[in-house]
Amino acid sequence: MRYHKPTSFTDASAIAAAAPGTLRFLAGGTDVLVQMRAGMVQPDDLIDLKHIPDVGEIRQTADGGWRIGIAVPGVVLGAHEGLKRDWPGVVEGMNLVGSTQVQGRATLAGNLCNGSPAADSVPGMIAAGARVEVTGPKGSREIAVEQIPAGPGKTNLTKGELISAILLPPRGKNGGDAYLRFIPRTEMDIAVVGCAVNLRLDVDKIIEARVALGAVAPTVILSEAAARAIIGTTLDASALQALTSAAEAGAKPISDKRGTAEFRTEVVGVLARRAAKIAYDRAKGQGK
Amino acid sequence: MAKDELKSGYKLIGTRPNRPDGLDKVTGRARYGADFSLPGMLHAAVVRSPHAHARIKNIDVSKALALDGVKAVVTRADLPTGLSGEDLNLQDNTLAGDRVLYDGHAVAAVAATSALLAKDAARLIAVEYEILPHVTDVDAAMAPGAPVIREGVADYSVPEGMHPNVARYMAFGHGDLEAGLAAADIVREHTYKTEATHQGYIEPHACVGQMGEDGRGEMWVCTQGHWYIRRMCAAVLGIEAANLRVTPSEIGGGFGGKTTIFIEPLALALSKKAGGRPVKLVMTRSEVLRATGPTASASMDVKLGMKRDGTITAGQVFFRMQGGAFVGMSPIGEALPCAFACYDIPALKHEAVEVIANRPKAAAYRAPGSPMAAFAVESLVDEMCRELGLDPIEVRLKNGAKNGSRSSYGPDYTVIGLQETLEAAKAHPNYKVPLGPNQGRGVASGFWFNHGGETSVSLAVGEDGTATVSIGTPDIGGSRASIGLMVAEFLGIPYENVRVSVVETGALGVNEPTHGSRATFASGKAAVEAARQAVAEMCRRAAADWGIDPDAVEWKDGAAHPAGPNAGKFPPMSIGEIGAKMGSTGGPISGHHEVTAEGVGASFGTHVVDVEVDPETGRTTVLRYLVVQDAGTAIHPAYVEGQYQGGAVQGIGWALNEEYVYGADGRLQNPVFLDYRVPVASDLPMIDTVIVEVPNPGHPYGVRGVGETGITPPLPAIAAAVAGATGARIRSLPLSPPKVLAAIKAAKG
Ligand SMILES: Cc1cc2nc3c(=O)[nH]c(=O)nc-3n(C[C@H](O)[C@H](O)[C@H](O)COP(=O)(O)OP(=O)(O)OC[C@H]3O[C@@H](n4cnc5c(N)ncnc54)[C@H](O)[C@@H]3O)c2cc1C
């Protein structure tokens, strides 16, 4: 195995583009090192991204959005007041990952690119309308987070491409987001179901919404039907019922060791309801 | 002896000094199994079956041996033949013979100059399999048409017409069952199932083995019992016990799972083949979960008769248990006597069968068999209490076993503390907390026999009047501290002046492992007897010095005193003074005691748990949890509480989420802690404890043994609490959210 530590994304991309065999990037390593130890993957090239300048920075952009470095670990996100105020749902998703030890290393980019359908930070990012900056042999481009996952363990990044930043849009007024996951225990578990809701209010009425469903399909689902179910409502009982039905209908789960398809379908509706209420309260300024 | 009198006499027993292993453990200095290393040491890896059941057609080790740095490979062909009974079982499990019997069954092992190289070499060992049909579920394994896992396993006890996978049958009882049932106002009958669970010790199995071409060997190993390691390795490898010296490491948990061998003979066999170079073998967590001892899974029928006032008139059980593909591993012989051990019921009938299945060879797990039996019987008792509107503690007080009552399995109980635990639970504030919506309370009692066993202990007085105690039972739950306290109490010296060490097989007579909750009881009892011998000798030395009869000397407060005015007026002679001149007064002073310890006292416990169930997801949260248990005497109460809490937590895991998930291919799907869900700290409230002390007359300080009973009541107590919270009675474990949610929906209709 060749270990590289490039100091720019262009160099990282060039090494990746030239890599002949199995390639992995090393951000926090909480997926990739575990997989290597378990014998699940034996990379020929391992490209450590932590030596690239500014990858540990969180910066507010001119438009009021946020640019998050690809090596920022969960614990730093969780301690960032500005980010927590604007996007509490994104931060809480990432903060659910692993334990205190894992939080010290694990990143948003790694969580996204590991390609797990159950990745905890991904529904929150998708609901928030987050984008990523991708650097590749042909330069860099920006794409929506939901364009990245291609299926369990797979992304749509092409050879030589990697993520060079996570971009969150400006929060704007009267918005709120939330992420909830279901696990049988309280931590150290993989989401059996996850759901993120992001919405904006005009007084009491929801005028924008995005609902993302996790662990109920090969990739996180951005459910337009679920969003439509609550847009134009005050999240009253019938809106919640419609949201539940839309979330259930949108889920395409499998049965596995972590839960049955029937259970996942039922619980995704429950979580959608509960996350929507939290996001709504946050938009009203009443949330935590 | 009244309990208070007995207690008030103690200076040290009942106090909570620092643990002797505490500093080493928190600083990382303590040496566990994987911490031993020797010059020239090799590292080993094991090749394991990916199939639940298959015939081994060929094993090609040539590629592995060709790898630079690989020093030895062993397969079954390297082990002696002609073994029988449990020795053959052990050998069959150490390395598969012509067939692999479960996913994870060891097939070959390789030693190389590094652990990475050994892993690479293991991948190069090519095993050709012919896959055979398999079965993993206990009921499916004895159903008509189930694949026969091994021919001819049934012994004489198995009734005609049962499936060939049924290996043993047992039955006993007393009283007139039909009359008892006829006398009842209600008779109820249900089937209960529990999944296999793993002991989940935090330290994976690890050892270093060294054996020369002359067949003399040494082993350093993480184990609950090093004489067992010696005997079992000797049997599997065909060597003499005396030629294997075994030294135990500190141990990161065992719970019964480290009372047997898995990798140890492999390290020795590899070492011998590699010219005597020491070989280290450390299991991964996945290997631990796939190939080391879980407990049995069980399917159990229970029938009970009860009068409207709660009197239980008769009980009947039929248990089916599988303990893997090896005969004799399922704990039916313990589960049956435990089933009704908490009760005094006039008519009982017990029956059970052991079934083999394509799962790993079960090992002991904390009160083997008792938690499953309790789940079945205590659940049905609770169901009937709810049906009749009776308080579950009152019903247990009414029917519970008492001093002198005849046990459900035969012998009469002498002095037991079940009633006291029930009274204490009833009086505890937790039993009175009002419950909110979606909350429920469960109560259950539990039992474990406890065990004495072969025990050998030595004690030596130092030149400065301190004492060293050599024991043969590895310290898992604080026995060094407890034994130190008892010896210090007996000698009348400070606790800090006694050092207790777990010594190797060459240093003492044969000791059984730390199992059966016996270490503090049996090694403690032997240590007190050894101290008694040393005291007698010290009294003789003082008597000789004073020129009086040894009978005229008495021992108190760490010194010899003339006994009474007629003995003469001499100032007391302290243990330090006696120790300082022992070389010139007759030589070293020591004490030694060996015994198959008798006088063991059973420990009963009663648990009360409150849960809240999320009605929309089926997820259970434990709100509060109370353990009340009889310790006899709590020598070191903090350790006793630790045992109570640990037992409760393992039981909570068993009740709520732990299970072996097998795919249709018979492979274990969840051999990692991520998916084999033991409770994590944040899942649990502080476990409240009440130590009841009804001293055991069979021990000099009243000790019973407290390690195992605590895992028994949680299974039925939690199921009862969930039933209270949801209205849905679930008769199979675990109470995982999908199952609970489905049951809630079904109960709503
Ligand atoms: C004990 C434990 C508990 C866990 N619990 C959870 C949990 O609760 N929820 C959850 O979702 N996950 C969990 N995980 C998984 C893991 O921690 C997360 O997925 C984490 O976010 C991965 O981030 P990382 O920086 O460590 O990624 P790495 O391991 O460094 O990388 C992961 C993958 O992403 C790729 N990659 C990394 N950075 C880039 C980049 N900039 N561009 C392109 N590709 C990249 C790598 O090639 C690799 O394939 C857990 C892991 C452990 C060990």
# chains A, B, ... in the order shown; residues from 1 in each chain; ligands from 1
call {"tool": "residues_near_ligand", "arguments": {"ligand": "ligand 1", "cutoff": "8 Å", "atoms": "only C-alpha atoms and all ligand atoms", "output": "PyMOL selection string"}}
result
(chain A and resi 23-34+49+70-71+73-74+94+96-99+102-103+105-116+118-122+134+153+157+161-165+187-191) or (chain B and resi 674)
call {"tool": "interface_residues", "arguments": {"of": "chain A", "to": "chain B", "cutoff": "12 Å", "atoms": "only C-alpha atoms", "output": "ChimeraX atom specification"}}
result
/A:34,36-39,42,98-99,181-193,255-271,273-274
call {"tool": "write_last_selection", "arguments": {"atoms": "N, CA, C and O atoms", "output": "compact mmCIF listing (two decimals), in the first residue's frame"}}
result
# COMPACT_ATOMS: atom_id res chain seq x y z
N VAL A 34 -11.17 1.12 9.82
CA VAL A 34 -11.91 -0.03 10.35
C VAL A 34 -12.07 -1.09 9.26
O VAL A 34 -11.88 -2.29 9.49
N MET A 36 -10.17 -1.54 6.70
CA MET A 36 -8.87 -2.16 6.41
C MET A 36 -8.52 -3.21 7.45
O MET A 36 -8.07 -4.30 7.13
N ARG A 37 -8.78 -2.87 8.70
CA ARG A 37 -8.47 -3.83 9.77
C ARG A 37 -9.31 -5.07 9.66
O ARG A 37 -8.87 -6.17 10.00
N ALA A 38 -10.56 -4.87 9.23
CA ALA A 38 -11.46 -6.03 9.13
C ALA A 38 -11.18 -6.84 7.87
O ALA A 38 -11.84 -7.85 7.64
N GLY A 39 -10.25 -6.37 7.06
CA GLY A 39 -9.94 -7.10 5.83
C GLY A 39 -10.96 -6.88 4.73
O GLY A 39 -10.98 -7.60 3.73
N GLN A 42 -8.38 -3.55 0.99
CA GLN A 42 -6.92 -3.43 1.08
C GLN A 42 -6.49 -2.42 0.02
O GLN A 42 -6.14 -2.79 -1.10
N GLY A 98 -21.17 7.70 15.98
CA GLY A 98 -20.21 7.08 16.88
C GLY A 98 -20.23 7.58 18.31
O GLY A 98 -21.26 7.94 18.85
N SER A 99 -19.04 7.59 18.86
CA SER A 99 -18.85 7.92 20.27
C SER A 99 -17.97 9.15 20.37
O SER A 99 -17.57 9.72 19.35
N ARG A 181 -32.94 9.82 14.25
CA ARG A 181 -32.71 8.46 13.75
C ARG A 181 -33.32 7.50 14.75
O ARG A 181 -33.49 7.84 15.93
N PHE A 182 -33.61 6.31 14.29
CA PHE A 182 -34.05 5.27 15.21
C PHE A 182 -32.96 4.24 15.34
O PHE A 182 -32.49 3.68 14.36
N ILE A 183 -32.56 4.00 16.59
CA ILE A 183 -31.68 2.87 16.91
C ILE A 183 -32.25 2.20 18.17
O ILE A 183 -32.90 2.87 18.97
N PRO A 184 -32.02 0.90 18.32
CA PRO A 184 -32.56 0.23 19.50
C PRO A 184 -31.89 0.69 20.78
O PRO A 184 -32.48 0.62 21.85
N ARG A 185 -30.63 1.10 20.69
CA ARG A 185 -29.92 1.56 21.87
C ARG A 185 -29.86 3.09 21.83
O ARG A 185 -30.55 3.73 21.05
N THR A 186 -29.01 3.67 22.68
CA THR A 186 -28.90 5.12 22.71
C THR A 186 -27.70 5.63 21.92
O THR A 186 -27.64 6.80 21.58
N GLU A 187 -26.73 4.78 21.69
CA GLU A 187 -25.59 5.18 20.86
C GLU A 187 -24.86 3.94 20.39
O GLU A 187 -25.24 2.83 20.71
N MET A 188 -23.79 4.17 19.62
CA MET A 188 -22.98 3.08 19.05
C MET A 188 -23.84 2.11 18.25
O MET A 188 -23.75 0.91 18.40
N ASP A 189 -24.67 2.65 17.40
CA ASP A 189 -25.55 1.82 16.59
C ASP A 189 -25.67 2.47 15.23
O ASP A 189 -25.40 3.66 15.09
N ILE A 190 -26.11 1.70 14.27
CA ILE A 190 -26.33 2.23 12.93
C ILE A 190 -27.82 2.52 12.78
O ILE A 190 -28.65 1.71 13.18
N ALA A 191 -28.14 3.67 12.18
CA ALA A 191 -29.54 4.04 12.04
C ALA A 191 -30.33 2.92 11.36
O ALA A 191 -29.96 2.44 10.30
N VAL A 192 -31.42 2.52 11.99
CA VAL A 192 -32.35 1.58 11.35
C VAL A 192 -33.23 2.38 10.39
O VAL A 192 -33.61 1.91 9.31
N VAL A 193 -33.52 3.59 10.80
CA VAL A 193 -34.26 4.56 9.98
C VAL A 193 -33.75 5.94 10.38
O VAL A 193 -33.40 6.17 11.54
N SER A 255 -35.49 -5.80 4.50
CA SER A 255 -35.37 -6.43 5.82
C SER A 255 -33.94 -6.93 5.98
O SER A 255 -33.41 -7.56 5.09
N ASP A 256 -33.33 -6.61 7.10
CA ASP A 256 -32.01 -7.17 7.37
C ASP A 256 -31.85 -7.33 8.87
O ASP A 256 -32.82 -7.19 9.63
N LYS A 257 -30.60 -7.62 9.29
CA LYS A 257 -30.36 -7.89 10.70
C LYS A 257 -30.72 -6.71 11.59
O LYS A 257 -30.88 -6.86 12.79
N ARG A 258 -30.84 -5.53 11.02
CA ARG A 258 -31.09 -4.35 11.86
C ARG A 258 -32.56 -4.00 11.96
O ARG A 258 -32.95 -3.17 12.79
N GLY A 259 -33.40 -4.57 11.14
CA GLY A 259 -34.83 -4.27 11.23
C GLY A 259 -35.56 -4.81 10.01
O GLY A 259 -34.96 -5.02 8.96
N THR A 260 -36.85 -5.01 10.17
CA THR A 260 -37.63 -5.51 9.04
C THR A 260 -38.10 -4.34 8.18
O THR A 260 -38.16 -3.20 8.63
N ALA A 261 -38.45 -4.65 6.93
CA ALA A 261 -38.94 -3.62 6.01
C ALA A 261 -40.22 -3.00 6.58
O ALA A 261 -40.41 -1.77 6.53
N GLU A 262 -41.07 -3.83 7.12
CA GLU A 262 -42.33 -3.35 7.67
C GLU A 262 -42.09 -2.35 8.81
O GLU A 262 -42.72 -1.29 8.88
N PHE A 263 -41.17 -2.71 9.68
CA PHE A 263 -40.83 -1.84 10.81
C PHE A 263 -40.25 -0.52 10.32
O PHE A 263 -40.62 0.55 10.78
N ARG A 264 -39.35 -0.60 9.35
CA ARG A 264 -38.72 0.63 8.84
C ARG A 264 -39.76 1.55 8.23
O ARG A 264 -39.72 2.77 8.41
N THR A 265 -40.68 0.97 7.48
CA THR A 265 -41.70 1.78 6.83
C THR A 265 -42.54 2.51 7.88
O THR A 265 -42.84 3.70 7.76
N GLU A 266 -42.90 1.77 8.90
CA GLU A 266 -43.72 2.37 9.95
C GLU A 266 -42.96 3.48 10.69
O GLU A 266 -43.50 4.55 10.94
N VAL A 267 -41.70 3.19 11.00
CA VAL A 267 -40.95 4.13 11.83
C VAL A 267 -40.53 5.37 11.03
O VAL A 267 -40.41 6.46 11.59
N VAL A 268 -40.36 5.24 9.73
CA VAL A 268 -39.96 6.44 8.97
C VAL A 268 -41.07 7.49 9.04
O VAL A 268 -40.80 8.70 9.12
N GLY A 269 -42.32 7.03 9.08
CA GLY A 269 -43.43 7.97 9.23
C GLY A 269 -43.41 8.64 10.60
O GLY A 269 -43.64 9.84 10.73
N VAL A 270 -43.12 7.85 11.63
CA VAL A 270 -43.05 8.38 12.99
C VAL A 270 -41.96 9.44 13.09
O VAL A 270 -42.17 10.54 13.62
N LEU A 271 -40.80 9.11 12.55
CA LEU A 271 -39.67 10.05 12.65
C LEU A 271 -39.94 11.31 11.83
O LEU A 271 -39.57 12.42 12.25
N ARG A 273 -42.75 12.76 11.26
CA ARG A 273 -43.67 13.55 12.08
C ARG A 273 -42.91 14.27 13.20
O ARG A 273 -43.06 15.46 13.42
N ARG A 274 -42.10 13.51 13.90
CA ARG A 274 -41.40 14.07 15.06
C ARG A 274 -40.34 15.09 14.62
O ARG A 274 -40.19 16.14 15.26
call {"tool": "residues_around", "arguments": {"residues": "Gln147 of chain A", "least_positions_apart": "3", "cutoff": "12 Å", "atoms": "only C-alpha atoms", "output": "MDAnalysis selection string"}}
result
chainID A and resid 112:113 115 122 125:126 129:134 142:144 150:151 154:157 219:222
call {"tool": "closest_residue", "arguments": {"among": "B:Leu67, B:Leu668, B:Ala242, B:Val187", "to": "Pro50 of chain B", "atoms": "only C-alpha atoms"}}
result
B:Leu668
call {"tool": "closest_residue", "arguments": {"among": "A:Gly65, A:Ser140, A:Arg85, A:Val211", "to": "Phe9 of chain A", "atoms": "only C-alpha atoms"}}
result
A:Ser140
